[in-house]
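Below is one structure; the comments refer to it alone.
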Amino acid sequence: MKIVVTVKLVPDTNAEKRIDPGTQRLIRTGVETVLNPYDEYALEAALALKEKLADGSTVTVLAMAPEATKETLRKALAMGADDAVFLTDAALAGTDTLGTADVLAHALKNIGFDLVICGGLSDDGSTGGVPGALAEFLAVPGITNARSLEIIDGRVHAQRETDNGYQVVSAALPVMLSVTMAVGEPRYASLKGIMGAKKKPIAPMALANIGAPGSAGAAGAKISLLSTAPPPVRGKAKVVEATDGLSGAQAVLDFLKERKLV
Amino acid sequence: MQNVLVYVEHKKGQTRKVTFELATQARELADKLGGKAHAIVLGAGAKALAEQLASYPLDAVHYSEDGDVDAYLADPTIAYVQAAVAAIGPSLVLVPNTMQGRDIGSRLAARLGAGYAADVTGFAVDGGALVVTMPKMGGATISQAKFNAADHGIAAVRPNAFGAAKGGSGATVLELSKVSGAYRITIENEVEEASGELGLEEAATVVAGGRGLGGPEAFTGILKDLADAFGGAVGASRAAADAGWVPYSLQIGQTGKTVSPNLYIGVAISGAIQHKVGMRSSGTIVAINKDGQAPIAEFCDLLVVGDAFAIVPELTKLVRAAKA
């Protein structure tokens with residue numbers, strides 16, 4: 001079975017993000033590019049499935065990102081993916097959520113797949129819109145927010161997270177599946193994995209290879225970014241040293257009353 | 001797009017607060033866009049909920065109790081919404097920015113070839129074009145974006161971002177005619193693990209606990225009592241969820257939930273960046289921590305330095321007394 005995991009490359013999730021007041025753009029200096037943490041869970045789910053199947057199934061990772069971030073994909077290979085496809089093209093700048101899903105669908109059709117696994121959300125854009133739209137563009141069943149999965153007789157059986165529990169669902173392959181972090185902690189890359197990753201192939205792909213979908217880039221976007229600004233500034237906090245439980249509690253209550261929250 | 005259609009998320013007729021926020025916002029937007037405000041409710045319990053929604057300022061509420069909606073994932077729901085959009089005309093579809101809302105919204109966007117905006121916290125109509133406000137990068141930036149197409153658009157709206165108010169002269173409640181299709185994902189079973197408590201993302205007050213609480217007891221004890229006194233919900237930091245003290249569904253922050261309640265109280269939470277991104281846009285932020293130098297001091301409104309186990313129960317008593 002061919003499993004493809006889509007990964008996004010995002011600014012380091014643990015770095016404090018700041019906007020340059022002049023350019024209104026994110027300050028990227030000193031901020032590394034990393035695998036979107038949600039996608040590491042998708043990769044973990046794919047690798048665990050491959051190990052469980054133990055039938056020669058393969059895991060390919062697909063990323064769509066600027067050329068300069070390509071080496072970030074080595075981490076996915078070090079974790080255990082067999083190979084990678086790196087879709088990069090200057091014409092992709094400004095692609096919106098729907099365009100991203102459409103372009104990825106074109107790429108996935110080109111690569112071929114039995115099962116596509118995605119993370120549920122990206123750490124930077126956080127639209128959570130790619131998995132659902134991707135399933136539609138691929139015209140395959142889309143099982144979103146899965147917390148566990150297994151393959152039985154050509155069908156994916158999954159537990160799907162809901163707000164107060166889960167649903168048990170199933171659909172015939174090929175399937176697009178997105179996962180939540182309940183699928184299990186992503187593994188660490190072993191030293192052997194890291195060494196081996198250097199030799200694994202990262203195949204380049206450009207828009208011309210996949211039929212140059214019109215949804216790519218700012219020109220194809222259904223939504224255009226007008227402005228980016230820092231959030232409103234919160235004033236300096238009031239600090240109260242509590243001498244005992246009651247004085248601390250009273251300080252909170254007084255503050256909440258001042259703000260008409262009680 | 002002139003009209004507005006609210007997709008109503010519910011379970012057997014029980015809906016979320018965000019539904020009423022969307023219904024109220026739909027009226028305002030429809031008036032600005034020069035169209036009508038509609039809502040659509042699908043599945044078991046839809047009729048009773050549609051009747052309940054009629055007291056909000058909508059023009060029409062469409063419903064279907066077709067069993068397919070609860071037997072198959074997403075596909076029948078999309079088919080009904082698509083049919084409704086076709087009947088209503090060019091529309092902005094509002095979905096809640098929840099797991100289910102984003103799922104339905106993004107699929108619908110792909111089917112309609114419509115723009116999709118998520119985590120929307122504000123709307124403006126500028127020269128006929130719809131402009132949305134969305135926090136990005138975990139709230140570190142606030143973006144404004146414009147829908148380019150004139151026909152359809154989808155917006156996933158953050159719960160608690162808008163107010164809800166009944167009004168209008170009573171919406172017309174209409175049953176949708178049967179839509180059929182080849183549905184592919186079978187829902188075999190539905191299991192409830194938690195009681196139907198108010199969702200964390202929708203609570204007006206969130207009381208969150210961290211590693212400093214030392215174990216699971218505080219979450220079901222002193223934090224729960226304080227949250228109950230406010231009529232709010234309990235949340236947690238990643239450290240508390242990783243330790244197994246609370247289910248992951250209560251985790252706030254990166255890889256967890258994003259909340260923006262009117263009041264957030266962080267108890268023994270240091271305020272690491274990965275928690276901060278999930279709560280920084282809350283209205284008022286109160287921290288109770290034994291460390292006056294904790295990172296949360298930099299982005300809260302009030303920091304009380306002291307012993308949480310002594311302060312929280314006293315605060316619960318004071319809040320109860322103040323509300324009595």
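Residue numbers start at 1 in each chain; chains themselves are named A, B, ... in the order of the structure tokens; ligands are numbered from 1 in the order shown.
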| field | Shell around B:Tyr248 at 12 Å using only C-alpha atoms, local window under 5 positions removed, as a VMD selection string | value | (chain A and resid 147 161 163 to 165 180 to 184) or (chain B and resid 200 235 to 243 253 to 257)
| task | Find the residues in chain B near chain A: any atom within 6 Å counts, using only C-alpha atoms. Write them as an NGL selection string. | result | :B and (103 or 106-107 or 110 or 115 or 118 or 136-137 or 140-148 or 185-194 or 300-306 or 310-311 or 314-315)
Go ahead and write the residues just picked, N, CA and C atoms, as an mmCIF file, in the first residue's frame.
```
data_model
loop_
_atom_site.group_PDB
_atom_site.id
_atom_site.type_symbol
_atom_site.label_atom_id
_atom_site.label_comp_id
_atom_site.auth_asym_id
_atom_site.auth_seq_id
_atom_site.Cartn_x
_atom_site.Cartn_y
_atom_site.Cartn_z
ATOM 1 N N ASP B 103 -14.609 21.218 9.111
ATOM 2 C CA ASP B 103 -14.687 20.073 8.208
ATOM 3 C C ASP B 103 -15.754 20.312 7.140
ATOM 4 N N SER B 106 -14.896 23.566 4.867
ATOM 5 C CA SER B 106 -13.840 23.433 3.860
ATOM 6 C C SER B 106 -14.282 22.530 2.710
ATOM 7 N N ARG B 107 -15.034 21.491 3.044
ATOM 8 C CA ARG B 107 -15.530 20.601 1.974
ATOM 9 C C ARG B 107 -16.505 21.358 1.070
ATOM 10 N N ALA B 110 -14.744 23.623 -1.317
ATOM 11 C CA ALA B 110 -14.198 22.908 -2.478
ATOM 12 C C ALA B 110 -15.306 22.599 -3.490
ATOM 13 N N GLY B 115 -14.274 30.845 -1.687
ATOM 14 C CA GLY B 115 -13.213 31.189 -0.743
ATOM 15 C C GLY B 115 -13.543 30.641 0.633
ATOM 16 N N ALA B 118 -10.980 30.994 7.899
ATOM 17 C CA ALA B 118 -11.199 30.294 9.159
ATOM 18 C C ALA B 118 -10.820 31.150 10.356
ATOM 19 N N LYS B 136 -3.820 35.082 13.322
ATOM 20 C CA LYS B 136 -2.950 34.042 12.744
ATOM 21 C C LYS B 136 -1.752 33.851 13.654
ATOM 22 N N MET B 137 -0.930 32.863 13.363
ATOM 23 C CA MET B 137 0.293 32.606 14.126
ATOM 24 C C MET B 137 -0.010 32.534 15.627
ATOM 25 N N ALA B 140 -0.411 35.891 17.302
ATOM 26 C CA ALA B 140 0.697 36.853 17.268
ATOM 27 C C ALA B 140 0.467 37.911 16.201
ATOM 28 N N THR B 141 -0.371 37.605 15.213
ATOM 29 C CA THR B 141 -0.702 38.577 14.180
ATOM 30 C C THR B 141 -2.210 38.554 13.935
ATOM 31 N N ILE B 142 -2.713 39.692 13.487
ATOM 32 C CA ILE B 142 -4.128 39.792 13.137
ATOM 33 C C ILE B 142 -4.190 40.144 11.640
ATOM 34 N N SER B 143 -4.804 39.275 10.855
ATOM 35 C CA SER B 143 -4.867 39.506 9.414
ATOM 36 C C SER B 143 -6.254 39.958 8.992
ATOM 37 N N GLN B 144 -6.277 40.769 7.934
ATOM 38 C CA GLN B 144 -7.545 41.101 7.294
ATOM 39 C C GLN B 144 -7.470 40.596 5.867
ATOM 40 N N ALA B 145 -8.547 39.978 5.411
ATOM 41 C CA ALA B 145 -8.547 39.415 4.063
ATOM 42 C C ALA B 145 -9.893 39.657 3.415
ATOM 43 N N LYS B 146 -9.869 39.650 2.095
ATOM 44 C CA LYS B 146 -11.064 39.992 1.316
ATOM 45 C C LYS B 146 -11.482 38.802 0.460
ATOM 46 N N PHE B 147 -12.788 38.531 0.411
ATOM 47 C CA PHE B 147 -13.315 37.518 -0.504
ATOM 48 C C PHE B 147 -13.340 38.127 -1.905
ATOM 49 N N ASN B 148 -12.721 37.441 -2.866
ATOM 50 C CA ASN B 148 -12.645 37.994 -4.220
ATOM 51 C C ASN B 148 -13.890 37.716 -5.057
ATOM 52 N N ILE B 185 -18.837 7.187 3.425
ATOM 53 C CA ILE B 185 -18.240 6.923 4.748
ATOM 54 C C ILE B 185 -19.350 6.564 5.729
ATOM 55 N N THR B 186 -19.353 5.303 6.163
ATOM 56 C CA THR B 186 -20.401 4.803 7.036
ATOM 57 C C THR B 186 -20.089 5.145 8.486
ATOM 58 N N ILE B 187 -21.064 5.706 9.191
ATOM 59 C CA ILE B 187 -20.901 5.893 10.640
ATOM 60 C C ILE B 187 -21.478 4.655 11.301
ATOM 61 N N GLU B 188 -20.587 3.844 11.895
ATOM 62 C CA GLU B 188 -21.032 2.558 12.444
ATOM 63 C C GLU B 188 -21.492 2.669 13.880
ATOM 64 N N ASN B 189 -20.895 3.611 14.588
ATOM 65 C CA ASN B 189 -21.195 3.712 16.009
ATOM 66 C C ASN B 189 -20.825 5.096 16.510
ATOM 67 N N GLU B 190 -21.483 5.526 17.554
ATOM 68 C CA GLU B 190 -21.200 6.834 18.144
ATOM 69 C C GLU B 190 -21.053 6.606 19.645
ATOM 70 N N VAL B 191 -19.903 6.979 20.196
ATOM 71 C CA VAL B 191 -19.652 6.714 21.610
ATOM 72 C C VAL B 191 -19.441 8.030 22.349
ATOM 73 N N GLU B 192 -20.185 8.203 23.436
ATOM 74 C CA GLU B 192 -19.993 9.412 24.252
ATOM 75 C C GLU B 192 -19.111 9.075 25.433
ATOM 76 N N GLU B 193 -18.054 9.854 25.614
ATOM 77 C CA GLU B 193 -17.138 9.605 26.725
ATOM 78 C C GLU B 193 -17.293 10.630 27.839
ATOM 79 N N ALA B 194 -17.623 11.849 27.444
ATOM 80 C CA ALA B 194 -17.793 12.908 28.442
ATOM 81 C C ALA B 194 -19.251 13.317 28.451
ATOM 82 N N CYS B 300 -0.693 38.833 31.247
ATOM 83 C CA CYS B 300 -1.961 38.760 31.979
ATOM 84 C C CYS B 300 -2.340 40.164 32.448
ATOM 85 N N ASP B 301 -3.559 40.287 32.987
ATOM 86 C CA ASP B 301 -4.018 41.584 33.488
ATOM 87 C C ASP B 301 -3.821 41.675 34.993
ATOM 88 N N LEU B 302 -3.974 40.541 35.664
ATOM 89 C CA LEU B 302 -3.780 40.493 37.116
ATOM 90 C C LEU B 302 -2.998 39.238 37.453
ATOM 91 N N LEU B 303 -1.934 39.404 38.216
ATOM 92 C CA LEU B 303 -1.188 38.245 38.706
ATOM 93 C C LEU B 303 -1.243 38.265 40.221
ATOM 94 N N VAL B 304 -1.823 37.209 40.786
ATOM 95 C CA VAL B 304 -1.823 37.072 42.237
ATOM 96 C C VAL B 304 -0.769 36.040 42.594
ATOM 97 N N VAL B 305 0.236 36.470 43.348
ATOM 98 C CA VAL B 305 1.331 35.574 43.719
ATOM 99 C C VAL B 305 0.975 34.935 45.049
ATOM 100 N N GLY B 306 0.818 33.619 45.036
ATOM 101 C CA GLY B 306 0.444 32.936 46.270
ATOM 102 C C GLY B 306 0.123 31.473 46.020
ATOM 103 N N ALA B 310 -4.741 27.466 48.459
ATOM 104 C CA ALA B 310 -5.389 28.281 49.493
ATOM 105 C C ALA B 310 -6.319 29.314 48.856
ATOM 106 N N ILE B 311 -5.890 29.888 47.736
ATOM 107 C CA ILE B 311 -6.639 30.995 47.122
ATOM 108 C C ILE B 311 -7.902 30.530 46.401
ATOM 109 N N GLU B 314 -11.152 29.790 48.378
ATOM 110 C CA GLU B 314 -11.691 31.047 48.935
ATOM 111 C C GLU B 314 -12.354 31.868 47.837
ATOM 112 N N LEU B 315 -11.725 31.881 46.671
ATOM 113 C CA LEU B 315 -12.279 32.638 45.543
ATOM 114 C C LEU B 315 -13.632 32.068 45.128
#
```
Could you please write out, as a compact mmCIF listing (two decimals) with N, CA and C atoms, in the first residue's frame, every residue of stretch 94-220 of chain B that DSSP assigns to strand (DSSP E)?
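The result, written out as out38.txt:
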```txt
# COMPACT_ATOMS: atom_id res chain seq x y z
N LEU B 94 -21.92 30.61 6.92
CA LEU B 94 -21.22 30.70 8.20
C LEU B 94 -21.25 29.35 8.87
N VAL B 95 -20.08 28.86 9.27
CA VAL B 95 -19.98 27.62 10.05
C VAL B 95 -19.23 27.99 11.33
N PRO B 96 -19.44 27.24 12.41
CA PRO B 96 -18.65 27.53 13.62
C PRO B 96 -17.20 27.05 13.42
N GLY B 115 -14.27 30.85 -1.69
CA GLY B 115 -13.21 31.19 -0.74
C GLY B 115 -13.54 30.64 0.63
N TYR B 116 -12.50 30.31 1.40
CA TYR B 116 -12.69 29.75 2.73
C TYR B 116 -11.82 30.52 3.73
N ALA B 117 -12.45 31.14 4.71
CA ALA B 117 -11.72 31.87 5.75
C ALA B 117 -12.01 31.21 7.08
N ALA B 118 -10.98 30.99 7.90
CA ALA B 118 -11.20 30.29 9.16
C ALA B 118 -10.82 31.15 10.36
N ASP B 119 -11.42 30.81 11.49
CA ASP B 119 -11.17 31.49 12.76
C ASP B 119 -11.46 33.00 12.64
N VAL B 120 -12.59 33.29 12.02
CA VAL B 120 -12.96 34.68 11.78
C VAL B 120 -13.49 35.32 13.08
N GLY B 122 -14.08 38.92 12.99
CA GLY B 122 -14.73 40.19 12.63
C GLY B 122 -15.11 40.22 11.16
N PHE B 123 -16.19 40.95 10.85
CA PHE B 123 -16.64 41.12 9.46
C PHE B 123 -16.79 42.59 9.13
N ALA B 124 -16.52 42.96 7.90
CA ALA B 124 -16.83 44.30 7.42
C ALA B 124 -17.22 44.18 5.96
N VAL B 125 -18.11 45.04 5.52
CA VAL B 125 -18.46 45.07 4.10
C VAL B 125 -17.89 46.37 3.54
N ASP B 126 -16.98 46.22 2.57
CA ASP B 126 -16.27 47.38 2.04
C ASP B 126 -16.51 47.45 0.53
N ALA B 129 -17.57 44.30 -1.10
CA ALA B 129 -16.73 43.12 -0.84
C ALA B 129 -16.74 42.81 0.64
N LEU B 130 -16.68 41.51 0.95
CA LEU B 130 -16.68 41.09 2.34
C LEU B 130 -15.24 40.98 2.83
N VAL B 131 -14.96 41.67 3.95
CA VAL B 131 -13.62 41.64 4.55
C VAL B 131 -13.72 40.96 5.90
N VAL B 132 -12.81 40.01 6.16
CA VAL B 132 -12.84 39.30 7.43
C VAL B 132 -11.55 39.55 8.22
N THR B 133 -11.68 39.50 9.55
CA THR B 133 -10.53 39.61 10.45
C THR B 133 -10.24 38.23 11.03
N MET B 134 -8.97 37.82 11.00
CA MET B 134 -8.60 36.50 11.51
C MET B 134 -7.27 36.58 12.26
N PRO B 135 -7.22 36.10 13.50
CA PRO B 135 -5.92 36.00 14.17
C PRO B 135 -5.13 34.86 13.50
N LYS B 136 -3.82 35.08 13.32
CA LYS B 136 -2.95 34.04 12.74
C LYS B 136 -1.75 33.85 13.65
N THR B 141 -0.37 37.60 15.21
CA THR B 141 -0.70 38.58 14.18
C THR B 141 -2.21 38.55 13.93
N ILE B 142 -2.71 39.69 13.49
CA ILE B 142 -4.13 39.79 13.14
C ILE B 142 -4.19 40.14 11.64
N SER B 143 -4.80 39.27 10.86
CA SER B 143 -4.87 39.51 9.41
C SER B 143 -6.25 39.96 8.99
N GLN B 144 -6.28 40.77 7.93
CA GLN B 144 -7.54 41.10 7.29
C GLN B 144 -7.47 40.60 5.87
N ALA B 145 -8.55 39.98 5.41
CA ALA B 145 -8.55 39.41 4.06
C ALA B 145 -9.89 39.66 3.42
N LYS B 146 -9.87 39.65 2.10
CA LYS B 146 -11.06 39.99 1.32
C LYS B 146 -11.48 38.80 0.46
N PHE B 147 -12.79 38.53 0.41
CA PHE B 147 -13.32 37.52 -0.50
C PHE B 147 -13.34 38.13 -1.90
N GLY B 153 -19.04 32.34 -0.52
CA GLY B 153 -17.90 32.38 0.39
C GLY B 153 -18.23 31.59 1.64
N ILE B 154 -17.19 31.04 2.29
CA ILE B 154 -17.40 30.27 3.51
C ILE B 154 -16.56 30.91 4.61
N ALA B 155 -17.16 31.15 5.77
CA ALA B 155 -16.41 31.67 6.90
C ALA B 155 -16.65 30.80 8.12
N ALA B 156 -15.55 30.28 8.69
CA ALA B 156 -15.63 29.55 9.96
C ALA B 156 -15.40 30.57 11.06
N VAL B 157 -16.42 30.77 11.89
CA VAL B 157 -16.42 31.87 12.85
C VAL B 157 -16.06 31.40 14.25
N THR B 172 -39.39 31.89 9.12
CA THR B 172 -40.20 30.83 8.53
C THR B 172 -39.44 29.51 8.65
N VAL B 173 -40.10 28.47 9.13
CA VAL B 173 -39.45 27.17 9.24
C VAL B 173 -39.88 26.29 8.07
N LEU B 174 -38.92 25.83 7.29
CA LEU B 174 -39.24 25.09 6.06
C LEU B 174 -38.54 23.73 6.03
N GLU B 175 -39.27 22.69 5.65
CA GLU B 175 -38.64 21.38 5.53
C GLU B 175 -38.02 21.25 4.14
N THR B 186 -19.35 5.30 6.16
CA THR B 186 -20.40 4.80 7.04
C THR B 186 -20.09 5.15 8.49
N ILE B 187 -21.06 5.71 9.19
CA ILE B 187 -20.90 5.89 10.64
C ILE B 187 -21.48 4.66 11.30
N GLU B 188 -20.59 3.84 11.89
CA GLU B 188 -21.03 2.56 12.44
C GLU B 188 -21.49 2.67 13.88
N ASN B 189 -20.90 3.61 14.59
CA ASN B 189 -21.20 3.71 16.01
C ASN B 189 -20.83 5.10 16.51
N GLU B 190 -21.48 5.53 17.55
CA GLU B 190 -21.20 6.83 18.14
C GLU B 190 -21.05 6.61 19.64
N VAL B 191 -19.90 6.98 20.20
CA VAL B 191 -19.65 6.71 21.61
C VAL B 191 -19.44 8.03 22.35
N GLU B 192 -20.19 8.20 23.44
CA GLU B 192 -19.99 9.41 24.25
C GLU B 192 -19.11 9.07 25.43
N THR B 205 -16.25 31.82 30.70
CA THR B 205 -15.17 31.82 31.67
C THR B 205 -14.44 30.48 31.59
N VAL B 206 -13.11 30.53 31.53
CA VAL B 206 -12.30 29.31 31.54
C VAL B 206 -11.36 29.35 32.73
N VAL B 207 -11.36 28.29 33.51
CA VAL B 207 -10.42 28.14 34.62
C VAL B 207 -9.46 27.03 34.23
N ALA B 208 -8.19 27.38 33.97
CA ALA B 208 -7.24 26.39 33.48
C ALA B 208 -6.17 26.12 34.52
N GLY B 209 -5.74 24.87 34.58
CA GLY B 209 -4.73 24.47 35.56
C GLY B 209 -3.49 23.91 34.88
```
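As for atom CA of A:Val85 and atom CA of A:Ser190, they are spaced 21.9 Å apart.
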| task | From stretch 33-132 of chain A, collect each residue whose DSSP state is helix (DSSP H, G or I) and return the set as a PyMOL selection string. | result | chain A and resi 37-53+67-79+90-92+97-111+130-132
| said: Quick one: residues within 12 Å of B:Val85, only C-alpha atoms, excluding same-chain residues fewer than 3 positions away - as a ChimeraX atom specification? | reply: /B:1-7,37-40,62,78-82,88-94,108-109,111-112,114,151-154,176
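Residues in contact with B:Asp75 at up to 9 Å, not including ones fewer than 6 positions away on its chain and judged by only C-alpha atoms, are Pro141 of chain A; Val69, Gly181, Ala182, Tyr183, Arg184 and Ile185 of chain B.
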| message | Which residues are close to A:Asp83, i.e. within 12 Å by only C-alpha atoms, leaving aside same-chain residues fewer than 6 positions away? Reply as a VMD selection string. | response | chain A and resid 2 to 5 58 to 63 73 to 77 111 196 to 204
May I have the residues from that selection written out with C-alpha atoms, as a short mmCIF file (atom, residue, chain, number, x, y, z; two decimals), in the first residue's frame?
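Once everything was written out, this is part-v6.cif:
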```cif
data_model
loop_
_atom_site.label_atom_id
_atom_site.label_comp_id
_atom_site.auth_asym_id
_atom_site.auth_seq_id
_atom_site.Cartn_x
_atom_site.Cartn_y
_atom_site.Cartn_z
CA LYS A 2 1.25 3.47 -0.82
CA ILE A 3 0.77 5.93 2.04
CA VAL A 4 1.44 9.61 1.40
CA VAL A 5 1.71 12.11 4.25
CA THR A 58 5.70 2.59 1.81
CA VAL A 59 5.43 6.06 3.32
CA THR A 60 6.09 9.10 1.12
CA VAL A 61 6.02 12.65 2.45
CA LEU A 62 4.81 15.51 0.28
CA ALA A 63 5.60 19.13 1.08
CA LEU A 73 12.11 17.54 5.15
CA ARG A 74 15.13 15.44 6.22
CA LYS A 75 13.56 15.20 9.66
CA ALA A 76 10.55 13.36 8.19
CA LEU A 77 12.92 11.01 6.37
CA ILE A 111 2.38 10.64 -7.13
CA GLY A 196 20.08 7.12 6.64
CA ALA A 197 17.95 10.17 5.83
CA LYS A 198 20.90 11.80 4.09
CA LYS A 199 20.74 9.17 1.37
CA LYS A 200 16.96 9.08 0.93
CA PRO A 201 15.59 10.76 -2.19
CA ILE A 202 13.75 14.09 -2.18
CA ALA A 203 12.14 14.30 -5.61
CA PRO A 204 11.57 17.82 -6.92
#
```
